[in-house]
$ cat data-v2.cif   # mmCIF, C-alpha atoms and all ligand atoms
data_final
#
loop_
_atom_site.group_PDB
_atom_site.id
_atom_site.type_symbol
_atom_site.label_atom_id
_atom_site.label_comp_id
_atom_site.auth_asym_id
_atom_site.auth_seq_id
_atom_site.Cartn_x
_atom_site.Cartn_y
_atom_site.Cartn_z
ATOM 1 C CA MET A 13 114.274 86.172 119.684
ATOM 2 C CA ARG A 14 110.543 86.452 119.048
ATOM 3 C CA ALA A 15 108.948 85.408 115.756
ATOM 4 C CA ASN A 16 108.814 88.000 113.015
ATOM 5 C CA PRO A 17 105.158 89.179 112.912
ATOM 6 C CA VAL A 18 105.321 90.411 109.301
ATOM 7 C CA PHE A 19 103.327 88.465 106.712
ATOM 8 C CA VAL A 20 104.095 89.723 103.219
ATOM 9 C CA ALA A 21 101.081 90.065 100.901
ATOM 10 C CA LEU A 22 101.971 88.487 97.551
ATOM 11 C CA ASP A 23 99.315 90.302 95.519
ATOM 12 C CA THR A 24 100.091 89.243 91.956
ATOM 13 C CA THR A 25 98.839 86.807 89.315
ATOM 14 C CA ASP A 26 102.414 85.855 88.375
ATOM 15 C CA LEU A 27 103.289 82.597 90.138
ATOM 16 C CA ASP A 28 106.993 82.613 89.221
ATOM 17 C CA TYR A 29 107.392 86.182 90.438
ATOM 18 C CA ALA A 30 105.525 85.428 93.682
ATOM 19 C CA ARG A 31 107.645 82.346 94.285
ATOM 20 C CA GLN A 32 110.922 84.230 93.616
ATOM 21 C CA LEU A 33 109.798 87.037 95.887
ATOM 22 C CA ALA A 34 108.930 84.578 98.668
ATOM 23 C CA GLU A 35 112.339 82.920 98.341
ATOM 24 C CA ARG A 36 114.135 86.274 98.546
ATOM 25 C CA LEU A 37 112.052 87.406 101.509
ATOM 26 C CA ARG A 38 112.191 84.129 103.393
ATOM 27 C CA GLY A 39 114.717 85.190 106.028
ATOM 28 C CA HIS A 40 113.131 88.604 106.557
ATOM 29 C CA VAL A 41 109.409 87.888 107.030
ATOM 30 C CA GLY A 42 107.442 85.632 109.356
ATOM 31 C CA GLY A 43 104.833 84.440 106.873
ATOM 32 C CA LEU A 44 103.187 84.750 103.472
ATOM 33 C CA LYS A 45 99.743 86.064 102.646
ATOM 34 C CA LEU A 46 98.089 84.803 99.489
ATOM 35 C CA GLY A 47 94.917 86.631 98.559
ATOM 36 C CA LEU A 48 92.165 86.879 96.004
ATOM 37 C CA GLU A 49 94.326 88.101 93.137
ATOM 38 C CA PHE A 50 96.767 85.219 93.410
ATOM 39 C CA PHE A 51 94.162 82.567 94.252
ATOM 40 C CA SER A 52 91.875 83.576 91.376
ATOM 41 C CA ALA A 53 94.748 82.931 88.982
ATOM 42 C CA HIS A 54 96.324 79.803 90.526
ATOM 43 C CA GLY A 55 93.907 78.201 93.006
ATOM 44 C CA PRO A 56 94.967 75.416 95.392
ATOM 45 C CA GLU A 57 97.936 74.403 93.197
ATOM 46 C CA GLY A 58 99.286 77.924 93.606
ATOM 47 C CA VAL A 59 99.061 77.630 97.393
ATOM 48 C CA ARG A 60 100.850 74.259 97.352
ATOM 49 C CA ALA A 61 103.705 75.879 95.410
ATOM 50 C CA PHE A 62 104.753 77.718 98.611
ATOM 51 C CA GLN A 63 104.445 74.941 101.134
ATOM 52 C CA ASP A 64 108.045 73.726 100.908
ATOM 53 C CA LEU A 65 109.282 77.154 102.079
ATOM 54 C CA GLU A 66 108.041 76.280 105.558
ATOM 55 C CA LEU A 67 106.644 79.731 106.223
ATOM 56 C CA PRO A 68 103.164 80.055 107.739
ATOM 57 C CA ILE A 69 100.549 80.854 105.072
ATOM 58 C CA PHE A 70 97.552 83.146 105.550
ATOM 59 C CA LEU A 71 95.024 82.403 102.799
ATOM 60 C CA ASP A 72 93.107 85.681 102.663
ATOM 61 C CA LEU A 73 89.965 84.871 100.687
ATOM 62 C CA LYS A 74 87.509 86.825 102.886
ATOM 63 C CA PHE A 75 84.557 84.475 102.484
ATOM 64 C CA HIS A 76 81.138 86.123 102.790
ATOM 65 C CA ASP A 77 78.119 84.016 101.785
ATOM 66 C CA ILE A 78 75.386 81.895 103.385
ATOM 67 C CA PRO A 79 76.644 79.598 106.198
ATOM 68 C CA ASN A 80 76.455 76.365 104.205
ATOM 69 C CA THR A 81 78.446 77.780 101.288
ATOM 70 C CA VAL A 82 81.052 79.380 103.518
ATOM 71 C CA ALA A 83 81.424 76.148 105.519
ATOM 72 C CA GLY A 84 82.129 74.234 102.305
ATOM 73 C CA ALA A 85 84.635 76.806 101.098
ATOM 74 C CA VAL A 86 86.390 76.918 104.483
ATOM 75 C CA ARG A 87 86.602 73.112 104.643
ATOM 76 C CA ALA A 88 88.281 73.062 101.228
ATOM 77 C CA ALA A 89 90.650 75.923 102.122
ATOM 78 C CA ALA A 90 91.599 74.483 105.532
ATOM 79 C CA SER A 91 92.295 71.076 103.996
ATOM 80 C CA LEU A 92 95.159 72.743 102.084
ATOM 81 C CA GLY A 93 96.948 72.900 105.443
ATOM 82 C CA VAL A 94 97.192 76.694 105.543
ATOM 83 C CA ASP A 95 97.692 78.377 108.909
ATOM 84 C CA ILE A 96 95.085 81.152 108.745
ATOM 85 C CA ILE A 97 91.896 81.671 106.745
ATOM 86 C CA ASN A 98 89.284 84.397 107.030
ATOM 87 C CA VAL A 99 85.631 85.272 106.573
ATOM 88 C CA HIS A 100 83.780 88.590 106.780
ATOM 89 C CA ALA A 101 82.328 89.162 110.263
ATOM 90 C CA ALA A 102 79.470 91.003 108.528
ATOM 91 C CA GLY A 103 78.309 87.567 107.316
ATOM 92 C CA GLY A 104 76.858 87.171 110.815
ATOM 93 C CA PRO A 105 77.145 84.756 113.748
ATOM 94 C CA ALA A 106 75.671 81.672 112.065
ATOM 95 C CA MET A 107 78.100 82.049 109.188
ATOM 96 C CA MET A 108 81.108 82.544 111.480
ATOM 97 C CA LYS A 109 80.192 79.512 113.611
ATOM 98 C CA ALA A 110 79.704 77.364 110.498
ATOM 99 C CA ALA A 111 83.115 78.503 109.224
ATOM 100 C CA LEU A 112 84.811 77.660 112.510
ATOM 101 C CA GLU A 113 83.229 74.228 112.745
ATOM 102 C CA ALA A 114 84.200 73.443 109.159
ATOM 103 C CA ALA A 115 87.796 74.530 109.715
ATOM 104 C CA ARG A 116 88.155 72.509 112.917
ATOM 105 C CA SER A 117 86.790 69.416 111.183
ATOM 106 C CA ALA A 118 89.266 69.799 108.300
ATOM 107 C CA GLY A 119 92.344 70.254 110.511
ATOM 108 C CA PRO A 120 93.067 71.626 113.985
ATOM 109 C CA LYS A 121 95.968 73.771 112.797
ATOM 110 C CA THR A 122 94.035 76.341 110.742
ATOM 111 C CA LYS A 123 93.068 79.510 112.602
ATOM 112 C CA VAL A 124 89.879 81.254 111.504
ATOM 113 C CA ILE A 125 89.754 85.018 111.750
ATOM 114 C CA ALA A 126 87.152 87.575 110.712
ATOM 115 C CA VAL A 127 87.524 90.720 108.645
ATOM 116 C CA THR A 128 85.908 93.584 110.538
ATOM 117 C CA VAL A 129 85.985 96.730 108.372
ATOM 118 C CA LEU A 130 88.346 96.874 105.391
ATOM 119 C CA THR A 131 91.260 99.192 106.073
ATOM 120 C CA SER A 132 90.578 100.941 102.762
ATOM 121 C CA LEU A 133 87.230 102.246 104.089
ATOM 122 C CA SER A 134 86.890 105.629 105.792
ATOM 123 C CA ASP A 135 83.955 106.801 107.910
ATOM 124 C CA SER A 136 82.454 108.555 104.878
ATOM 125 C CA ASP A 137 82.689 105.343 102.821
ATOM 126 C CA LEU A 138 80.798 103.528 105.609
ATOM 127 C CA ALA A 139 78.136 106.249 105.601
ATOM 128 C CA ALA A 140 77.818 105.815 101.815
ATOM 129 C CA VAL A 141 76.874 102.138 102.288
ATOM 130 C CA GLY A 142 74.401 102.971 105.055
ATOM 131 C CA GLN A 143 76.546 102.190 108.103
ATOM 132 C CA ALA A 144 76.090 105.013 110.589
ATOM 133 C CA PRO A 145 78.653 103.962 113.268
ATOM 134 C CA SER A 146 82.242 105.121 112.772
ATOM 135 C CA ALA A 147 84.800 102.574 111.546
ATOM 136 C CA GLY A 148 86.150 102.286 115.115
ATOM 137 C CA GLU A 149 82.723 101.524 116.609
ATOM 138 C CA GLN A 150 81.861 99.054 113.851
ATOM 139 C CA VAL A 151 85.205 97.241 114.204
ATOM 140 C CA LEU A 152 84.692 96.829 117.962
ATOM 141 C CA ARG A 153 81.156 95.519 117.495
ATOM 142 C CA LEU A 154 82.219 92.993 114.830
ATOM 143 C CA ALA A 155 85.317 91.908 116.766
ATOM 144 C CA GLN A 156 83.231 91.237 119.887
ATOM 145 C CA LEU A 157 80.807 89.244 117.770
ATOM 146 C CA ALA A 158 83.652 87.238 116.206
ATOM 147 C CA LYS A 159 85.083 86.456 119.644
ATOM 148 C CA SER A 160 81.697 85.394 120.980
ATOM 149 C CA CYS A 161 81.424 82.974 118.021
ATOM 150 C CA GLY A 162 84.735 81.378 119.067
ATOM 151 C CA LEU A 163 86.892 82.705 116.239
ATOM 152 C CA ASP A 164 90.642 82.968 116.760
ATOM 153 C CA GLY A 165 90.957 86.659 115.923
ATOM 154 C CA VAL A 166 90.099 89.478 113.577
ATOM 155 C CA VAL A 167 91.574 91.626 110.853
ATOM 156 C CA CYS A 168 91.501 95.275 111.900
ATOM 157 C CA SER A 169 93.354 98.488 111.178
ATOM 158 C CA ALA A 170 96.212 99.630 113.377
ATOM 159 C CA LEU A 171 94.066 102.456 114.713
ATOM 160 C CA GLU A 172 91.806 99.902 116.417
ATOM 161 C CA ILE A 173 94.497 97.748 118.062
ATOM 162 C CA ALA A 174 94.494 99.508 121.441
ATOM 163 C CA PRO A 175 90.703 99.481 122.015
ATOM 164 C CA LEU A 176 90.431 95.889 120.777
ATOM 165 C CA ARG A 177 93.260 94.669 123.019
ATOM 166 C CA ALA A 178 91.557 96.376 125.963
ATOM 167 C CA ALA A 179 88.150 94.864 125.147
ATOM 168 C CA LEU A 180 89.166 91.401 123.966
ATOM 169 C CA GLY A 181 92.273 90.458 125.929
ATOM 170 C CA ARG A 182 95.749 89.283 125.007
ATOM 171 C CA ASP A 183 95.040 85.943 123.387
ATOM 172 C CA PHE A 184 92.810 87.136 120.573
ATOM 173 C CA MET A 185 94.745 87.466 117.289
ATOM 174 C CA LEU A 186 94.798 90.963 115.812
ATOM 175 C CA VAL A 187 95.927 90.803 112.196
ATOM 176 C CA VAL A 188 96.678 94.255 110.873
ATOM 177 C CA PRO A 189 97.006 95.390 107.239
ATOM 178 C CA GLY A 190 97.310 99.016 106.129
ATOM 179 C CA ILE A 191 100.870 99.251 107.445
ATOM 180 C CA ARG A 192 102.934 102.044 105.967
ATOM 181 C CA PRO A 193 106.535 102.769 106.985
ATOM 182 C CA ALA A 194 107.269 106.524 107.077
ATOM 183 C CA GLY A 195 107.537 107.971 103.597
ATOM 184 C CA SER A 196 105.786 105.150 101.706
ATOM 185 C CA ASP A 197 102.738 105.613 99.463
ATOM 186 C CA LEU A 198 99.305 105.234 101.037
ATOM 187 C CA GLY A 199 97.924 103.681 97.837
ATOM 188 C CA ASP A 200 94.243 102.874 98.429
ATOM 189 C CA GLN A 201 94.636 102.459 102.217
ATOM 190 C CA HIS A 202 93.114 104.997 104.621
ATOM 191 C CA ARG A 203 93.440 103.790 108.231
ATOM 192 C CA VAL A 204 97.221 103.286 108.396
ATOM 193 C CA MET A 205 100.125 103.212 110.901
ATOM 194 C CA GLY A 206 103.872 102.541 110.811
ATOM 195 C CA PRO A 207 105.096 98.969 111.508
ATOM 196 C CA ALA A 208 106.898 99.693 114.789
ATOM 197 C CA GLU A 209 103.932 101.630 116.214
ATOM 198 C CA ALA A 210 101.464 98.891 115.231
ATOM 199 C CA HIS A 211 103.727 96.215 116.716
ATOM 200 C CA LEU A 212 104.078 98.148 119.960
ATOM 201 C CA ALA A 213 100.330 98.749 120.122
ATOM 202 C CA GLY A 214 99.816 94.971 120.255
ATOM 203 C CA ALA A 215 99.274 93.657 116.715
ATOM 204 C CA SER A 216 99.773 89.875 116.462
ATOM 205 C CA ILE A 217 100.512 89.936 112.722
ATOM 206 C CA LEU A 218 101.405 92.846 110.429
ATOM 207 C CA VAL A 219 100.240 92.292 106.849
ATOM 208 C CA ILE A 220 102.462 94.306 104.526
ATOM 209 C CA GLY A 221 102.208 94.303 100.746
ATOM 210 C CA ARG A 222 103.345 97.130 98.509
ATOM 211 C CA PRO A 223 105.821 98.763 100.939
ATOM 212 C CA ILE A 224 107.834 95.532 100.567
ATOM 213 C CA THR A 225 106.869 94.092 97.170
ATOM 214 C CA ALA A 226 107.022 97.412 95.268
ATOM 215 C CA ALA A 227 110.293 98.510 96.881
ATOM 216 C CA PRO A 228 113.374 98.641 94.609
ATOM 217 C CA ASP A 229 114.924 95.968 96.849
ATOM 218 C CA PRO A 230 112.132 93.997 98.580
ATOM 219 C CA ALA A 231 114.499 91.971 100.780
ATOM 220 C CA LYS A 232 116.158 95.164 102.031
ATOM 221 C CA ALA A 233 112.760 96.775 102.701
ATOM 222 C CA ALA A 234 111.592 93.702 104.648
ATOM 223 C CA ALA A 235 114.873 93.535 106.595
ATOM 224 C CA GLU A 236 114.577 97.211 107.544
ATOM 225 C CA ILE A 237 111.006 96.709 108.728
ATOM 226 C CA ALA A 238 112.022 93.659 110.796
ATOM 227 C CA GLN A 239 114.871 95.660 112.312
ATOM 228 C CA SER A 240 112.533 98.531 113.213
ATOM 229 C CA LEU A 241 110.447 96.083 115.262
ATOM 230 C CA SER A 242 113.419 95.075 117.465
ATOM 231 C CA ILE A 243 112.342 91.434 117.486
HETATM 232 O O1 LIG B 1 99.885 96.588 99.695
HETATM 233 P P1 LIG B 1 99.250 96.680 101.068
HETATM 234 O O2 LIG B 1 100.270 96.729 102.187
HETATM 235 O O3 LIG B 1 98.191 97.761 101.153
HETATM 236 O O4 LIG B 1 98.501 95.277 101.209
HETATM 237 C C1 LIG B 1 97.612 95.002 102.245
HETATM 238 C C2 LIG B 1 97.050 93.638 102.065
HETATM 239 O O5 LIG B 1 96.134 93.401 103.132
HETATM 240 C C3 LIG B 1 96.271 93.420 100.774
HETATM 241 O O6 LIG B 1 96.588 92.099 100.346
HETATM 242 C C4 LIG B 1 94.818 93.507 101.170
HETATM 243 O O7 LIG B 1 94.006 92.614 100.430
HETATM 244 C C5 LIG B 1 94.862 93.034 102.630
HETATM 245 N N1 LIG B 1 93.787 93.509 103.513
HETATM 246 C C6 LIG B 1 93.517 94.843 103.729
HETATM 247 N N2 LIG B 1 92.478 95.205 104.569
HETATM 248 C C7 LIG B 1 91.763 94.267 105.196
HETATM 249 C C8 LIG B 1 92.048 92.913 104.986
HETATM 250 C C9 LIG B 1 93.099 92.573 104.136
HETATM 251 O O8 LIG B 1 94.200 95.703 103.189
HETATM 252 N N3 LIG B 1 90.819 94.624 106.052
#

$ encode --input "data-v2.cif" --output "structure tokens"
Amino acid sequence: MRANPVFVALDTTDLDYARQLAERLRGHVGGLKLGLEFFSAHGPEGVRAFQDLELPIFLDLKFHDIPNTVAGAVRAAASLGVDIINVHAAGGPAMMKAALEAARSAGPKTKVIAVTVLTSLSDSDLAAVGQAPSAGEQVLRLAQLAKSCGLDGVVCSALEIAPLRAALGRDFMLVVPGIRPAGSDLGDQHRVMGPAEAHLAGASILVIGRPITAAPDPAKAAAEIAQSLSI
């Protein structure tokens, strides 16, 4: 059996609720994603509260600042022993290299990946902030840049998996949010795909939040998603 690629996004400020959810989901997901909402409320102590569950943790803080500041933040985050951390590729090559060096010095286990274009952004949103290339073109450019800086992978939407796999090879991690099983709410996401399709297309990790956490029975929702992946 292959590892379950689903990391559930625990987007909440309620530590007890997040912990209970993680315990209930433990057998049905492959990892946990803790992001800005949770970390802003609970910080490093909040992250440590999940470590005994022995599930990989993706600390999704999307750092984007000058290289020295990002390096310091990454060093602190990696020293928590988390499995994956991320920065914005738009921070540029010097920032990505500084982040990678800082993570490697804090612990060899932590993978560093780069956010390309947020899955909530459409082509017209990109045009509104002055980015002429389409989301697909911009994702490819930033992913190539991240790979050339030595990063372990990128965050991209499911729509970009196939072109990125073709351009970047099999070993580069593609971490994919914006996953929506048939019939679930889009919420604020735009560039979405179903879990089985994204898995088949070559995603390394599927980040899934509300379709699991907001379901009437989150464990059942996660189990059904895992089953649909035939892992
Ligand atoms: O609830 P939903 O499934 O939309 O959650 C997706 C998660 O993935 C959220 O925690 C969001 O912060 C994260 N994410 C994203 N797009 C990115 C990077 C991360 O939606 N490009």

$ residues_near_ligand --input "data-v2.cif" --ligand "ligand LIG 1 (chain B)" --cutoff "8 Å" --atoms "all atoms listed in the file" --output "MDAnalysis selection string"
chainID A and resid 21:23 45:48 72 74 127:132 167:169 188:192 198:201 219:225

$ closest_residue --input "data-v2.cif" --among "A:Arg38, A:Lys123, A:Arg31, A:His211" --to "Ser240 (chain A)" --atoms "all atoms listed in the file"
A:His211

$ atom_distance --input "data-v2.cif" --atom1 "CA of Ala174 (chain A)" --atom2 "CA of Glu209 (chain A)"
11.0 Å

$ resolve_selection --input "data-v2.cif" --expression "the PyMOL selection byres (((chain A and resi 96) around 6) and not hetatm)" --output "PyMOL selection string"
chain A and resi 70+94-95+97+122-124

$ closest_residue --input "data-v2.cif" --among "A:Ala226, A:Ser136, A:Ala208, A:Ala118" --to "Ala238 (chain A)" --atoms "only C-alpha atoms"
A:Ala208

$ atom_distance --input "data-v2.cif" --atom1 "CA of Ala101 (chain A)" --atom2 "CA of Gly181 (chain A)"
18.6 Å

$ atom_distance --input "data-v2.cif" --atom1 "CA of Phe62 (chain A)" --atom2 "CA of Leu241 (chain A)"
25.4 Å

$ closest_residue --input "data-v2.cif" --among "A:Leu37, A:Ala210, A:Ala215, A:Ile69" --to "Met185 (chain A)" --atoms "all atoms listed in the file"
A:Ala215

$ decode --input "data-v2.cif" --residues "region 90-101 of chain A" --atoms "all heavy atoms" --output "tab-separated table (two decimals), in the first residue's frame"
chain	number	residue	atom	x	y	z
A	90	ALA	N	11.92	25.40	11.03
A	90	ALA	CA	12.49	24.06	10.78
A	90	ALA	C	12.95	23.42	12.08
A	90	ALA	O	12.90	22.20	12.23
A	90	ALA	CB	13.64	24.16	9.78
A	91	SER	N	13.39	24.25	13.04
A	91	SER	CA	13.88	23.67	14.29
A	91	SER	C	12.73	23.06	15.11
A	91	SER	O	12.97	22.35	16.08
A	91	SER	CB	14.66	24.70	15.10
A	91	SER	OG	13.77	25.68	15.56
A	92	LEU	N	11.49	23.31	14.71
A	92	LEU	CA	10.35	22.64	15.36
A	92	LEU	C	10.25	21.18	14.93
A	92	LEU	O	9.44	20.42	15.46
A	92	LEU	CB	9.04	23.34	14.99
A	92	LEU	CG	8.83	24.74	15.56
A	92	LEU	CD1	7.61	25.40	14.93
A	92	LEU	CD2	8.66	24.63	17.07
A	93	GLY	N	11.03	20.81	13.91
A	93	GLY	CA	11.02	19.40	13.47
A	93	GLY	C	9.88	19.09	12.52
A	93	GLY	O	9.53	17.92	12.32
A	94	VAL	N	9.29	20.12	11.91
A	94	VAL	CA	8.19	19.86	10.96
A	94	VAL	C	8.77	19.30	9.66
A	94	VAL	O	9.97	19.43	9.38
A	94	VAL	CB	7.36	21.13	10.68
A	94	VAL	CG1	6.63	21.56	11.94
A	94	VAL	CG2	8.21	22.25	10.12
A	95	ASP	N	7.91	18.67	8.88
A	95	ASP	CA	8.38	17.96	7.68
A	95	ASP	C	8.47	18.86	6.44
A	95	ASP	O	9.29	18.63	5.57
A	95	ASP	CB	7.44	16.78	7.40
A	95	ASP	CG	7.49	15.80	8.56
A	95	ASP	OD1	6.81	16.05	9.59
A	95	ASP	OD2	8.25	14.84	8.48
A	96	ILE	N	7.55	19.83	6.36
A	96	ILE	CA	7.53	20.72	5.19
A	96	ILE	C	7.28	22.15	5.65
A	96	ILE	O	6.40	22.39	6.50
A	96	ILE	CB	6.40	20.33	4.20
A	96	ILE	CG1	6.45	18.84	3.84
A	96	ILE	CG2	6.47	21.18	2.94
A	96	ILE	CD1	5.25	18.37	3.02
A	97	ILE	N	8.04	23.10	5.08
A	97	ILE	CA	7.71	24.52	5.28
A	97	ILE	C	7.74	25.19	3.91
A	97	ILE	O	8.28	24.63	2.95
A	97	ILE	CB	8.70	25.23	6.23
A	97	ILE	CG1	10.11	25.04	5.76
A	97	ILE	CG2	8.54	24.77	7.65
A	97	ILE	CD1	11.09	25.78	6.61
A	98	ASN	N	7.17	26.39	3.82
A	98	ASN	CA	7.13	27.03	2.51
A	98	ASN	C	7.38	28.53	2.55
A	98	ASN	O	7.24	29.18	3.59
A	98	ASN	CB	5.81	26.70	1.78
A	98	ASN	CG	4.59	27.16	2.54
A	98	ASN	OD1	4.68	27.67	3.64
A	98	ASN	ND2	3.43	26.95	1.96
A	99	VAL	N	7.79	29.02	1.38
A	99	VAL	CA	8.03	30.45	1.16
A	99	VAL	C	7.34	30.80	-0.16
A	99	VAL	O	6.99	29.90	-0.93
A	99	VAL	CB	9.54	30.75	1.05
A	99	VAL	CG1	10.28	30.35	2.32
A	99	VAL	CG2	10.17	30.05	-0.16
A	100	HIS	N	7.16	32.08	-0.42
A	100	HIS	CA	6.61	32.49	-1.72
A	100	HIS	C	7.73	32.56	-2.75
A	100	HIS	O	8.73	33.28	-2.53
A	100	HIS	CB	5.95	33.87	-1.61
A	100	HIS	CG	4.50	33.80	-1.30
A	100	HIS	ND1	3.54	33.51	-2.24
A	100	HIS	CD2	3.84	33.98	-0.13
A	100	HIS	CE1	2.34	33.52	-1.67
A	100	HIS	NE2	2.50	33.80	-0.39
A	101	ALA	N	7.58	31.86	-3.87
A	101	ALA	CA	8.60	31.94	-4.93
A	101	ALA	C	8.77	33.37	-5.42
A	101	ALA	O	9.87	33.76	-5.85
A	101	ALA	CB	8.20	31.03	-6.10
